[in-house]
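Below is the file start.cif, which contains mmCIF, C-alpha atoms.
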```cif
data_upload
#
loop_
_atom_site.label_atom_id
_atom_site.label_comp_id
_atom_site.auth_asym_id
_atom_site.auth_seq_id
_atom_site.Cartn_x
_atom_site.Cartn_y
_atom_site.Cartn_z
CA ASN A 25 -72.91 -75.95 71.28
CA ALA A 26 -71.37 -78.54 69.02
CA GLY A 27 -74.20 -81.01 69.76
CA VAL A 28 -73.17 -84.60 69.05
CA THR A 29 -69.78 -85.19 67.46
CA GLN A 30 -68.22 -88.42 66.22
CA THR A 31 -64.59 -89.36 65.65
CA PRO A 32 -63.38 -90.46 63.14
CA LYS A 33 -65.56 -89.64 60.13
CA PHE A 34 -64.12 -92.40 57.94
CA ARG A 35 -62.07 -95.50 58.60
CA VAL A 36 -60.89 -98.54 56.69
CA LEU A 37 -59.95 -101.63 58.67
CA LYS A 38 -58.61 -105.01 57.74
CA THR A 39 -60.42 -108.08 59.02
CA GLY A 40 -59.33 -108.83 62.57
CA GLN A 41 -58.17 -105.34 63.42
CA SER A 42 -59.67 -103.42 66.31
CA MET A 43 -60.80 -99.84 66.69
CA THR A 44 -62.80 -97.50 68.88
CA LEU A 45 -65.36 -94.97 67.73
CA LEU A 46 -65.81 -91.95 69.95
CA CYS A 47 -69.06 -90.09 70.47
CA ALA A 48 -69.19 -86.86 72.46
CA GLN A 49 -72.12 -84.63 73.36
CA ASP A 50 -72.13 -81.27 75.06
CA MET A 51 -75.84 -81.09 75.90
CA ASN A 52 -75.57 -82.82 79.28
CA HIS A 53 -77.84 -85.63 78.06
CA GLU A 54 -78.17 -88.70 80.25
CA TYR A 55 -78.96 -91.18 77.50
CA MET A 56 -76.70 -92.10 74.59
CA TYR A 57 -77.05 -94.60 71.74
CA TRP A 58 -75.05 -96.29 69.01
CA TYR A 59 -76.81 -97.29 65.79
CA ARG A 60 -75.64 -98.84 62.58
CA GLN A 61 -77.19 -98.00 59.23
CA ASP A 62 -77.22 -100.47 56.38
CA PRO A 63 -78.99 -100.11 53.03
CA GLY A 64 -82.64 -101.12 53.21
CA MET A 65 -82.52 -101.78 56.94
CA GLY A 66 -82.88 -98.36 58.46
CA LEU A 67 -81.06 -97.73 61.72
CA ARG A 68 -80.59 -100.55 64.16
CA LEU A 69 -79.63 -100.06 67.79
CA ILE A 70 -76.33 -101.64 68.82
CA HIS A 71 -75.91 -100.56 72.44
CA TYR A 72 -77.18 -97.76 74.58
CA SER A 73 -76.54 -96.11 77.93
CA VAL A 74 -78.98 -94.55 80.36
CA GLY A 75 -76.29 -92.85 82.40
CA GLU A 76 -72.63 -92.63 83.25
CA GLY A 77 -71.21 -96.04 84.04
CA THR A 78 -74.18 -97.97 82.62
CA THR A 79 -74.59 -99.74 79.28
CA ALA A 80 -77.13 -102.11 77.78
CA LYS A 81 -77.51 -104.20 74.64
CA GLY A 82 -79.68 -103.15 71.78
CA GLU A 83 -80.96 -105.06 68.79
CA VAL A 84 -77.62 -106.01 67.20
CA PRO A 85 -74.91 -106.02 69.90
CA ASP A 86 -72.77 -108.97 68.78
CA GLY A 87 -69.19 -108.06 67.91
CA TYR A 88 -69.32 -104.70 69.66
CA ASN A 89 -68.51 -103.42 73.12
CA VAL A 90 -69.22 -100.03 74.66
CA SER A 91 -68.17 -97.92 77.59
CA ARG A 92 -69.57 -94.79 79.22
CA LEU A 93 -66.93 -93.68 81.69
CA LYS A 94 -67.87 -90.02 81.38
CA LYS A 95 -71.36 -88.63 80.93
CA GLN A 96 -70.45 -86.75 77.78
CA ASN A 97 -68.69 -89.63 76.00
CA PHE A 98 -69.88 -92.96 74.66
CA LEU A 99 -67.31 -95.27 73.06
CA LEU A 100 -68.03 -98.09 70.64
CA GLY A 101 -65.37 -100.76 70.25
CA LEU A 102 -64.80 -103.41 67.65
CA GLU A 103 -62.35 -105.97 69.03
CA SER A 104 -61.93 -108.03 65.88
CA ALA A 105 -63.49 -106.37 62.87
CA ALA A 106 -65.37 -108.43 60.29
CA PRO A 107 -66.59 -107.47 56.79
CA SER A 108 -70.18 -107.72 58.11
CA GLN A 109 -69.42 -104.70 60.28
CA THR A 110 -68.96 -102.50 57.24
CA SER A 111 -71.59 -99.86 57.85
CA VAL A 112 -72.30 -96.28 58.77
CA TYR A 113 -72.38 -95.78 62.53
CA PHE A 114 -74.42 -93.09 64.19
CA CYS A 115 -74.35 -91.91 67.74
CA ALA A 116 -77.30 -90.16 69.34
CA SER A 117 -78.16 -88.61 72.67
CA TRP A 118 -81.42 -87.93 74.48
CA ASN A 119 -82.63 -85.92 77.40
CA ARG A 120 -85.59 -87.41 79.23
CA THR A 121 -86.33 -84.23 81.16
CA GLY A 122 -89.57 -82.66 80.00
CA GLY A 123 -90.95 -85.71 78.26
CA PHE A 124 -90.19 -87.93 75.34
CA ASN A 125 -88.22 -85.60 73.12
CA GLU A 126 -86.30 -86.34 70.01
CA GLN A 127 -82.86 -87.92 69.88
CA TYR A 128 -80.02 -85.79 68.55
CA PHE A 129 -77.72 -87.47 66.06
CA GLY A 130 -74.08 -87.11 65.20
CA PRO A 131 -72.83 -86.88 61.59
CA GLY A 132 -71.87 -90.55 61.39
CA THR A 133 -68.74 -92.65 60.91
CA ARG A 134 -68.34 -94.61 57.69
CA LEU A 135 -66.45 -97.82 58.40
CA THR A 136 -65.23 -100.25 55.77
CA VAL A 137 -63.79 -103.62 56.76
CA THR A 138 -61.84 -105.39 54.03
CA ALA B 21 -93.13 -105.96 69.70
CA GLN B 22 -92.89 -102.53 68.23
CA SER B 23 -92.22 -102.19 64.54
CA VAL B 24 -92.27 -99.57 61.84
CA THR B 25 -92.88 -100.18 58.16
CA GLN B 26 -92.22 -97.78 55.34
CA PRO B 27 -93.76 -99.54 52.36
CA ASP B 28 -92.04 -97.44 49.70
CA ILE B 29 -88.30 -97.96 49.39
CA HIS B 30 -87.88 -95.42 46.62
CA ILE B 31 -90.15 -92.62 45.37
CA THR B 32 -89.63 -90.23 42.48
CA VAL B 33 -91.66 -87.04 42.16
CA SER B 34 -91.40 -84.01 39.93
CA GLU B 35 -90.37 -80.72 41.42
CA GLY B 36 -93.48 -78.79 42.45
CA ALA B 37 -95.59 -81.92 42.80
CA SER B 38 -97.10 -83.02 46.07
CA LEU B 39 -95.53 -85.74 48.19
CA GLU B 40 -96.78 -88.35 50.61
CA LEU B 41 -94.47 -90.82 52.32
CA ARG B 42 -96.15 -93.67 54.12
CA CYS B 43 -95.39 -94.99 57.59
CA ASN B 44 -97.21 -97.73 59.47
CA TYR B 45 -96.38 -98.72 63.00
CA SER B 46 -97.18 -101.48 65.40
CA TYR B 47 -97.37 -100.49 69.03
CA GLY B 48 -99.72 -101.33 71.87
CA ALA B 49 -100.17 -97.95 73.50
CA THR B 50 -100.12 -94.41 72.19
CA PRO B 51 -96.86 -94.15 70.29
CA TYR B 52 -94.37 -91.36 70.14
CA LEU B 53 -93.75 -90.83 66.43
CA PHE B 54 -91.00 -89.07 64.55
CA TRP B 55 -89.91 -88.30 61.01
CA TYR B 56 -86.22 -87.75 60.35
CA VAL B 57 -84.51 -86.71 57.13
CA GLN B 58 -81.01 -87.67 56.06
CA SER B 59 -79.30 -85.80 53.25
CA PRO B 60 -76.52 -87.65 51.44
CA GLY B 61 -73.47 -88.07 53.64
CA GLN B 62 -75.15 -86.36 56.57
CA GLY B 63 -76.62 -87.28 59.91
CA LEU B 64 -80.31 -87.37 60.75
CA GLN B 65 -82.32 -84.20 61.23
CA LEU B 66 -85.71 -84.17 62.92
CA LEU B 67 -88.54 -83.01 60.65
CA LEU B 68 -91.42 -83.35 63.09
CA LYS B 69 -92.77 -85.34 65.99
CA TYR B 70 -96.07 -86.43 67.47
CA PHE B 71 -96.69 -87.12 71.13
CA SER B 72 -100.33 -86.26 71.73
CA GLY B 73 -103.01 -83.71 70.93
CA ASP B 74 -103.71 -82.43 67.45
CA THR B 75 -103.21 -85.31 65.03
CA LEU B 76 -101.90 -83.05 62.27
CA VAL B 77 -98.43 -81.84 63.12
CA GLN B 78 -96.35 -79.28 61.33
CA GLY B 79 -92.63 -79.58 60.92
CA ILE B 80 -89.70 -77.81 59.38
CA LYS B 81 -89.16 -77.23 55.66
CA GLY B 82 -92.91 -77.17 54.97
CA PHE B 83 -93.55 -80.79 55.95
CA GLU B 84 -96.56 -82.03 57.89
CA ALA B 85 -97.70 -85.43 59.10
CA GLU B 86 -101.01 -86.84 60.22
CA PHE B 87 -101.42 -89.42 62.96
CA LYS B 88 -104.27 -91.83 62.27
CA ARG B 89 -104.75 -94.22 65.14
CA SER B 90 -107.36 -96.31 63.33
CA GLN B 91 -104.92 -97.00 60.51
CA SER B 92 -101.76 -97.13 62.66
CA SER B 93 -100.24 -94.64 60.27
CA PHE B 94 -98.17 -91.48 60.43
CA ASN B 95 -97.76 -90.34 56.83
CA LEU B 96 -95.53 -87.45 55.89
CA ARG B 97 -96.75 -84.88 53.36
CA LYS B 98 -95.55 -81.82 51.54
CA PRO B 99 -97.72 -79.82 49.11
CA SER B 100 -94.92 -78.83 46.73
CA VAL B 101 -91.58 -80.60 46.59
CA HIS B 102 -88.33 -78.73 46.02
CA TRP B 103 -85.20 -80.24 44.48
CA SER B 104 -83.46 -79.83 47.84
CA ASP B 105 -85.92 -82.28 49.41
CA ALA B 106 -84.14 -85.17 47.71
CA ALA B 107 -82.94 -87.28 50.63
CA GLU B 108 -83.72 -90.36 52.65
CA TYR B 109 -86.61 -90.18 55.08
CA PHE B 110 -87.03 -92.28 58.18
CA CYS B 111 -90.09 -92.82 60.32
CA ALA B 112 -89.47 -93.89 63.92
CA VAL B 113 -91.54 -94.89 66.93
CA GLY B 114 -90.49 -94.41 70.52
CA ASP B 115 -91.49 -96.35 73.56
CA GLY B 116 -92.70 -93.61 75.86
CA SER B 117 -93.54 -96.08 78.57
CA SER B 118 -89.99 -97.26 79.08
CA ASN B 119 -87.05 -95.52 80.69
CA THR B 120 -84.71 -96.09 77.80
CA GLY B 121 -85.77 -93.61 75.12
CA LYS B 122 -85.15 -96.25 72.49
CA LEU B 123 -86.42 -95.68 68.96
CA ILE B 124 -87.42 -98.21 66.35
CA PHE B 125 -86.79 -97.02 62.82
CA GLY B 126 -88.41 -97.95 59.56
CA GLN B 127 -86.34 -99.06 56.60
CA GLY B 128 -86.31 -95.62 55.07
CA THR B 129 -87.70 -94.10 51.86
CA THR B 130 -85.39 -92.53 49.32
CA LEU B 131 -86.91 -89.52 47.60
CA GLN B 132 -85.71 -88.51 44.18
CA VAL B 133 -86.90 -85.20 42.73
CA LYS B 134 -87.09 -84.75 38.97
CA PRO B 135 -86.55 -81.26 37.56
#
```
Represent the supplied structure as structure tokens.
Amino acid sequence: NAGVTQTPKFRVLKTGQSMTLLCAQDMNHEYMYWYRQDPGMGLRLIHYSVGEGTTAKGEVPDGYNVSRLKKQNFLLGLESAAPSQTSVYFCASWNRTGGFNEQYFGPGTRLTVT
Amino acid sequence: AQSVTQPDIHITVSEGASLELRCNYSYGATPYLFWYVQSPGQGLQLLLKYFSGDTLVQGIKGFEAEFKRSQSSFNLRKPSVHWSDAAEYFCAVGDGSSNTGKLIFGQGTTLQVKP
């Protein structure tokens, strides 16, 4: 199993450009999450999904959109990138079956907006 | 509201010395607690977790953590630090009563190991 994978690993955008980050998991997990990591702030939840076709806002959703058309994929979109969105983005997935287990994380995407 | 505080932003220890990383949480019910480690340029790896039962939990790489309800703490310990333990460590609390699986993370503690 590959676990949780993220594409791309690195990206540089100019202000105003758009892009989509792809997260894929092969563990058949129902729940998926997008976090951003900034120095001194830990990980903050952007959006999450509790199943195919469903999405919900997290702690810092402004400027981002998401879609979960397939159970294994969770896409994070930036419609008009801003320098404040320079960050490292992590995707995670979770399986509720059997109790409150740990989330599994992807390797991250480092995004720089100039 | 749930919250997690890691009071130490940066800690430096000598190789072979003992380590304790602090984590305090705020949560109304019994929390689900986790410690994750992030090596430079990598994703997060689970070290250990606490759901219930024995308050001293063992994890990977020789780490352990103790849940103290009276102090709302879940401190991470290791008796003898290795140079490869240099990384960033995150404490997280999960809302086991919800259907979302969401985690709240602390700010992280960066561990530097001196030779």
For CA of Glu83 in chain A and CA of Ser92 in chain B, the interatomic separation in Å (one decimal):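 About the pair CA of Glu83 in chain A and CA of Ser92 in chain B: they are 23.1 Å apart.
In this structure, CA of Asp86 in chain A sits 20.0 Å away from CA of Gly64 in chain A.
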Distance limit 9 Å, atoms considered: all atoms listed in the file. Which chain A residues sit that close to chain B? Return them as a compact mmCIF listing (two decimals) with C-alpha atoms, keeping the file's coordinate frame.
```txt
# COMPACT_ATOMS: atom_id res chain seq x y z
CA TYR A 55 -78.96 -91.18 77.50
CA TYR A 57 -77.05 -94.60 71.74
CA PRO A 63 -78.99 -100.11 53.03
CA GLY A 64 -82.64 -101.12 53.21
CA MET A 65 -82.52 -101.78 56.94
CA GLY A 66 -82.88 -98.36 58.46
CA LEU A 67 -81.06 -97.73 61.72
CA ARG A 68 -80.59 -100.55 64.16
CA LEU A 69 -79.63 -100.06 67.79
CA TYR A 72 -77.18 -97.76 74.58
CA SER A 73 -76.54 -96.11 77.93
CA VAL A 74 -78.98 -94.55 80.36
CA GLY A 82 -79.68 -103.15 71.78
CA PHE A 114 -74.42 -93.09 64.19
CA TRP A 118 -81.42 -87.93 74.48
CA ASN A 119 -82.63 -85.92 77.40
CA ARG A 120 -85.59 -87.41 79.23
CA GLY A 123 -90.95 -85.71 78.26
CA PHE A 124 -90.19 -87.93 75.34
CA ASN A 125 -88.22 -85.60 73.12
CA GLU A 126 -86.30 -86.34 70.01
CA GLN A 127 -82.86 -87.92 69.88
CA TYR A 128 -80.02 -85.79 68.55
CA PHE A 129 -77.72 -87.47 66.06
CA GLY A 130 -74.08 -87.11 65.20
CA PRO A 131 -72.83 -86.88 61.59
CA GLY A 132 -71.87 -90.55 61.39
```
Pairwise distance for CA of Cys47 in chain A and CA of Ala80 in chain A, rounded to one decimal in Å: 16.2 Å
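The closest residue to Leu67 in chain B, picked from B:Ile80, B:Tyr45, B:Val24, B:Leu96 and counting only C-alpha atoms, is B:Ile80.
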Residues within 6 Å of Thr32 in chain B, only C-alpha atoms, excluding chain neighbours under 3 positions, as a list in words: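 The neighbour list is Leu131, Gln132 and Val133 of chain B.
Distances here use only C-alpha atoms; by that measure, the residue among B:Ser100, B:Ser34, B:Ser59, B:Gln91 closest to Pro135 in chain B is B:Ser34.
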Answer key for the PyMOL selection byres ((chain A and resi 135) around 6), residues as JSON, numbers by chain: {"A": [34, 35, 36, 110, 111, 134, 136]}
Spatial neighbours of Gln109 in chain A, max dist 10 Å, only C-alpha atoms, sep filter under 6 positions, as a PyMOL selection string: chain A and resi 39+60+62+87-88+102+135-138
